[in-house]
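Read the structure below first, then the notes.
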Amino acid sequence: MNWSKNSSDDVLPRRAIVLGAGVVGVATAYALARRGVEVTIIDRAAVAGSGASFANGAQLSYIYTDALASNGLLKRLPSLALGLDSSFRLRPNLDPSQIAWFMRFLRNCTHQRFLENSLAGLQLGLESQLAMHALLEQHSIEFGHQSAGKMLVYDDAAAFKSACDMVSVRQKHGAEQEVLTATEAVNKEAALTERAGGFIGAVYSPQEELGDPHKFCNALLSQLVKAYGVQVRMATEVESWNADSDTAMVTTKAGETIACDQLVLCAGMDAANLLKKHGLGSSLMPMKGYSFTAAPGQASPKMSITDVSKKVVFCPLDGAIRVAGLAELGVRNTRVDQRQLATLVSTAAGVLPRAADYAASYQGWAGIRPMTANALPIIRKIAPRVTVNVGHGMLGWTYAMGSAERAARLLGGV
């Protein structure tokens, strides 16, 4: 992989606008700026990384990139729609765009498409890891980055067998993973001795990393301004955009028009309204998720842990513990439902009772992830002067750097 600047033969835009200052937008701005493009970042929030990037699970899950749509999930859809699973719920409605999305999702619920989508995600994950390491070799950015590894814990025999089968598949495609017995897993991560009820086995991924995505956004943004002259327009909401063969322009709600050679939409779920007239309005489905950040407990994990049956994630993060879980597909609001947050806290405490100081105060959060039907981001030109880099779903933090590089190469970079 060549991370050098583009040669004189490459055709890159001279000026670009990147819509969105979350992890995907900031990473895309970096991928363009380091190639010599004059970049302006625009975001409606006052602070970068204030949306889905603010307090997500914090795992850089480069290896575990399994698609949401699968034959196993297909069998569970009726119970999910009825709200019988407290950790994952569907909120269906009769909106035509949502119906269209679900039809595409159902077509991806075959074993073959699950494999294809998951392995495509793995490839992008590995590209992201390379890009992240290249960035950190070039710039000193502090965001609590650790190469801590990740453990997926199983207490269901059928689910564990399926996981072991996928380990063999991933290993053939460049992933480093180990299947562990419960004893071997505890030897690697002592915090698992606290798991209520025990477990039958685990999958360990030593290549997995972690870091605070909100800190990353703001640290990289600061570097972009100082080292690359990137212009930043926060608290600026875009009303519309248009483009012809020569120029792309955005119009803000304040009535200002800003022109560029290339417009790159990285605005997560906010991009849906901006793409309705261009055939992508039904491509994104909101997925609401929750997290809380608390002080570490007496048996806090040293690596990321995902409890598969309870669908809860534990991530040690810079002197704290980030716990994430719950999924509500089709929910668009970011309001923190205190009952849902309490469910997440009680679930986490039931799994690892001493991983966090659950009795102390903690910071609760809810965010919206933009899901595509195949769980892969949309990275393509939709007009000669307009490119989209959206739909990263639950793996936006993981995919950000790799998808940014793909978008930059799409525009003529190397």
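Residues are named by chain letter and number: chains run A, B, ... in the order of the structure tokens, numbers start at 1 in each chain, and ligands are numbered from 1 in the order shown.
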
*What lies within 9 Å of segment 366-371 of chain A using only C-alpha atoms, ignoring chain neighbours under 6 positions off, as a ChimeraX atom specification?*
/A:51-56,268-270,272,283-292,329,331-337,341,377,390-396

Could you dump the residues just selected with N, CA, C and O atoms as a short mmCIF file (atom, residue, chain, number, x, y, z; two decimals), in the first residue's frame?
data_model
loop_
_atom_site.label_atom_id
_atom_site.label_comp_id
_atom_site.auth_asym_id
_atom_site.auth_seq_id
_atom_site.Cartn_x
_atom_site.Cartn_y
_atom_site.Cartn_z
N GLY A 51 -21.82 13.53 16.90
CA GLY A 51 -22.91 12.64 16.55
C GLY A 51 -22.61 11.20 16.94
O GLY A 51 -22.30 10.92 18.11
N ALA A 52 -22.68 10.29 15.97
CA ALA A 52 -22.44 8.87 16.26
C ALA A 52 -21.01 8.61 16.73
O ALA A 52 -20.73 7.56 17.30
N SER A 53 -20.11 9.56 16.49
CA SER A 53 -18.71 9.40 16.90
C SER A 53 -18.47 9.77 18.36
O SER A 53 -17.36 9.57 18.86
N PHE A 54 -19.46 10.32 19.03
CA PHE A 54 -19.19 10.91 20.34
C PHE A 54 -18.86 9.89 21.41
O PHE A 54 -17.85 10.00 22.11
N ALA A 55 -19.69 8.89 21.61
CA ALA A 55 -19.46 7.94 22.72
C ALA A 55 -19.89 6.53 22.32
O ALA A 55 -20.56 5.84 23.06
N ASN A 56 -19.49 6.12 21.12
CA ASN A 56 -19.81 4.75 20.70
C ASN A 56 -18.94 3.74 21.44
O ASN A 56 -18.20 4.10 22.36
N GLY A 268 -23.06 10.96 7.70
CA GLY A 268 -23.78 9.93 8.42
C GLY A 268 -25.26 9.93 8.07
O GLY A 268 -25.65 10.09 6.91
N MET A 269 -26.11 9.76 9.08
CA MET A 269 -27.55 9.69 8.83
C MET A 269 -28.08 11.01 8.31
O MET A 269 -29.10 11.04 7.60
N ASP A 270 -27.41 12.12 8.61
CA ASP A 270 -27.85 13.42 8.11
C ASP A 270 -27.77 13.50 6.59
O ASP A 270 -28.42 14.34 5.96
N ALA A 272 -28.91 11.41 4.52
CA ALA A 272 -30.09 10.82 3.86
C ALA A 272 -30.95 11.88 3.20
O ALA A 272 -31.38 11.73 2.05
N SER A 283 -31.32 4.28 1.11
CA SER A 283 -30.14 3.43 1.31
C SER A 283 -29.69 3.35 2.76
O SER A 283 -28.94 2.45 3.13
N LEU A 284 -30.13 4.31 3.59
CA LEU A 284 -29.67 4.37 4.97
C LEU A 284 -30.83 4.18 5.94
O LEU A 284 -31.89 4.78 5.79
N MET A 285 -30.60 3.33 6.93
CA MET A 285 -31.57 3.09 7.99
C MET A 285 -30.93 3.46 9.32
O MET A 285 -29.81 3.03 9.61
N PRO A 286 -31.61 4.26 10.15
CA PRO A 286 -31.01 4.60 11.44
C PRO A 286 -31.03 3.42 12.40
O PRO A 286 -31.99 2.67 12.48
N MET A 287 -29.94 3.26 13.10
CA MET A 287 -29.81 2.25 14.16
C MET A 287 -29.39 2.97 15.43
O MET A 287 -28.27 3.47 15.53
N LYS A 288 -30.29 3.04 16.38
CA LYS A 288 -29.99 3.73 17.63
C LYS A 288 -29.28 2.78 18.59
O LYS A 288 -29.68 1.63 18.75
N GLY A 289 -28.22 3.27 19.20
CA GLY A 289 -27.50 2.48 20.19
C GLY A 289 -27.19 3.31 21.42
O GLY A 289 -27.24 4.55 21.37
N TYR A 290 -26.88 2.64 22.51
CA TYR A 290 -26.63 3.30 23.79
C TYR A 290 -25.23 2.96 24.31
O TYR A 290 -24.66 1.92 23.97
N SER A 291 -24.72 3.85 25.14
CA SER A 291 -23.50 3.55 25.88
C SER A 291 -23.52 4.32 27.18
O SER A 291 -24.28 5.27 27.36
N PHE A 292 -22.67 3.89 28.10
CA PHE A 292 -22.37 4.71 29.27
C PHE A 292 -20.89 4.56 29.58
O PHE A 292 -20.27 3.54 29.25
N LEU A 329 -33.44 -0.64 15.52
CA LEU A 329 -33.38 -0.37 14.09
C LEU A 329 -34.63 0.37 13.65
O LEU A 329 -35.75 -0.10 13.85
N VAL A 331 -35.12 3.72 14.55
CA VAL A 331 -35.35 4.85 15.46
C VAL A 331 -34.42 6.00 15.08
O VAL A 331 -33.22 5.81 14.95
N ARG A 332 -34.97 7.20 14.94
CA ARG A 332 -34.21 8.34 14.46
C ARG A 332 -33.83 9.35 15.54
O ARG A 332 -33.00 10.22 15.30
N ASN A 333 -34.43 9.27 16.72
CA ASN A 333 -34.11 10.28 17.74
C ASN A 333 -32.92 9.83 18.58
O ASN A 333 -32.64 8.65 18.74
N THR A 334 -32.21 10.81 19.13
CA THR A 334 -31.04 10.53 19.96
C THR A 334 -31.33 10.76 21.45
O THR A 334 -30.39 10.83 22.25
N ARG A 335 -32.59 10.85 21.79
CA ARG A 335 -32.96 11.05 23.19
C ARG A 335 -32.52 9.83 24.01
O ARG A 335 -32.72 8.69 23.61
N VAL A 336 -31.92 10.07 25.16
CA VAL A 336 -31.52 8.98 26.05
C VAL A 336 -32.74 8.55 26.85
O VAL A 336 -33.20 9.26 27.76
N ASP A 337 -33.27 7.41 26.49
CA ASP A 337 -34.39 6.82 27.23
C ASP A 337 -33.82 6.21 28.51
O ASP A 337 -33.05 5.24 28.47
N LEU A 341 -31.42 2.93 29.10
CA LEU A 341 -30.08 3.06 29.68
C LEU A 341 -29.97 2.20 30.94
O LEU A 341 -28.94 1.53 31.15
N PRO A 377 -20.27 0.31 3.72
CA PRO A 377 -20.47 1.73 3.39
C PRO A 377 -20.60 1.95 1.90
O PRO A 377 -20.08 1.19 1.08
N VAL A 390 -20.70 7.19 3.02
CA VAL A 390 -21.70 7.11 4.09
C VAL A 390 -22.13 5.66 4.31
O VAL A 390 -21.81 4.77 3.52
N GLY A 391 -22.88 5.44 5.40
CA GLY A 391 -23.47 4.12 5.63
C GLY A 391 -22.57 3.13 6.33
O GLY A 391 -22.65 1.93 6.07
N HIS A 392 -21.76 3.60 7.27
CA HIS A 392 -20.79 2.73 7.93
C HIS A 392 -21.39 1.94 9.09
O HIS A 392 -20.72 1.08 9.66
N GLY A 393 -22.62 2.25 9.44
CA GLY A 393 -23.33 1.46 10.44
C GLY A 393 -22.63 1.44 11.79
O GLY A 393 -22.12 2.44 12.27
N MET A 394 -22.59 0.25 12.38
CA MET A 394 -22.01 0.08 13.71
C MET A 394 -20.49 0.05 13.67
O MET A 394 -19.84 -0.04 14.71
N LEU A 395 -19.89 0.13 12.47
CA LEU A 395 -18.44 0.04 12.34
C LEU A 395 -17.83 1.32 11.76
O LEU A 395 -16.79 1.30 11.12
N GLY A 396 -18.49 2.45 12.00
CA GLY A 396 -17.97 3.71 11.48
C GLY A 396 -16.58 4.04 12.00
O GLY A 396 -15.71 4.48 11.24
#

*Can you list, as an NGL selection string, every protein, DNA or RNA residue that comes within 12 Å of Thr257 of chain A when you count only C-alpha atoms, leaving out same-chain residues fewer than 3 positions away?*
:A and (17 or 236-242 or 248-254 or 260)

*Could you check which of A:Val345, A:Ala243, A:Leu376, A:Ala21 is closest to Ala259 of chain A, using only C-alpha atoms?*
A:Ala243

*Would you mind reading off the distance between atom CA of Gly364 of chain A and atom CA of Thr398 of chain A, one decimal, in Å?*
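Those two atoms sit 21.7 Å apart.
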
*asked:* Just to confirm, what's the straight-line distance from atom CA of Gly325 of chain A to atom CA of Ser86 of chain A in Å (one decimal)?
replied: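 Distance reported for this atom pair: 10.4 Å.
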
*Nearby residues (only C-alpha atoms) at most 10 Å from Ser61 of chain A, same-chain spacing under 5 positions excluded, as a PyMOL selection string*: chain A and resi 122+125-126+128-129+149-150+205+207-210+304+395-399

_DSSP-assigned strand (DSSP E or B) among segment 249-336 of chain A, expressed as number ranges by chain_ = A: 249-252, 257-260, 262-265, 285-294, 296, 304-307, 312-317, 320-329

*Identify which of the residues A:Arg409, A:Arg113, A:Lys172, A:Lys215 lies closest to Val26 of chain A, counting only C-alpha atoms when measuring atom-to-atom distances.*
A:Lys215
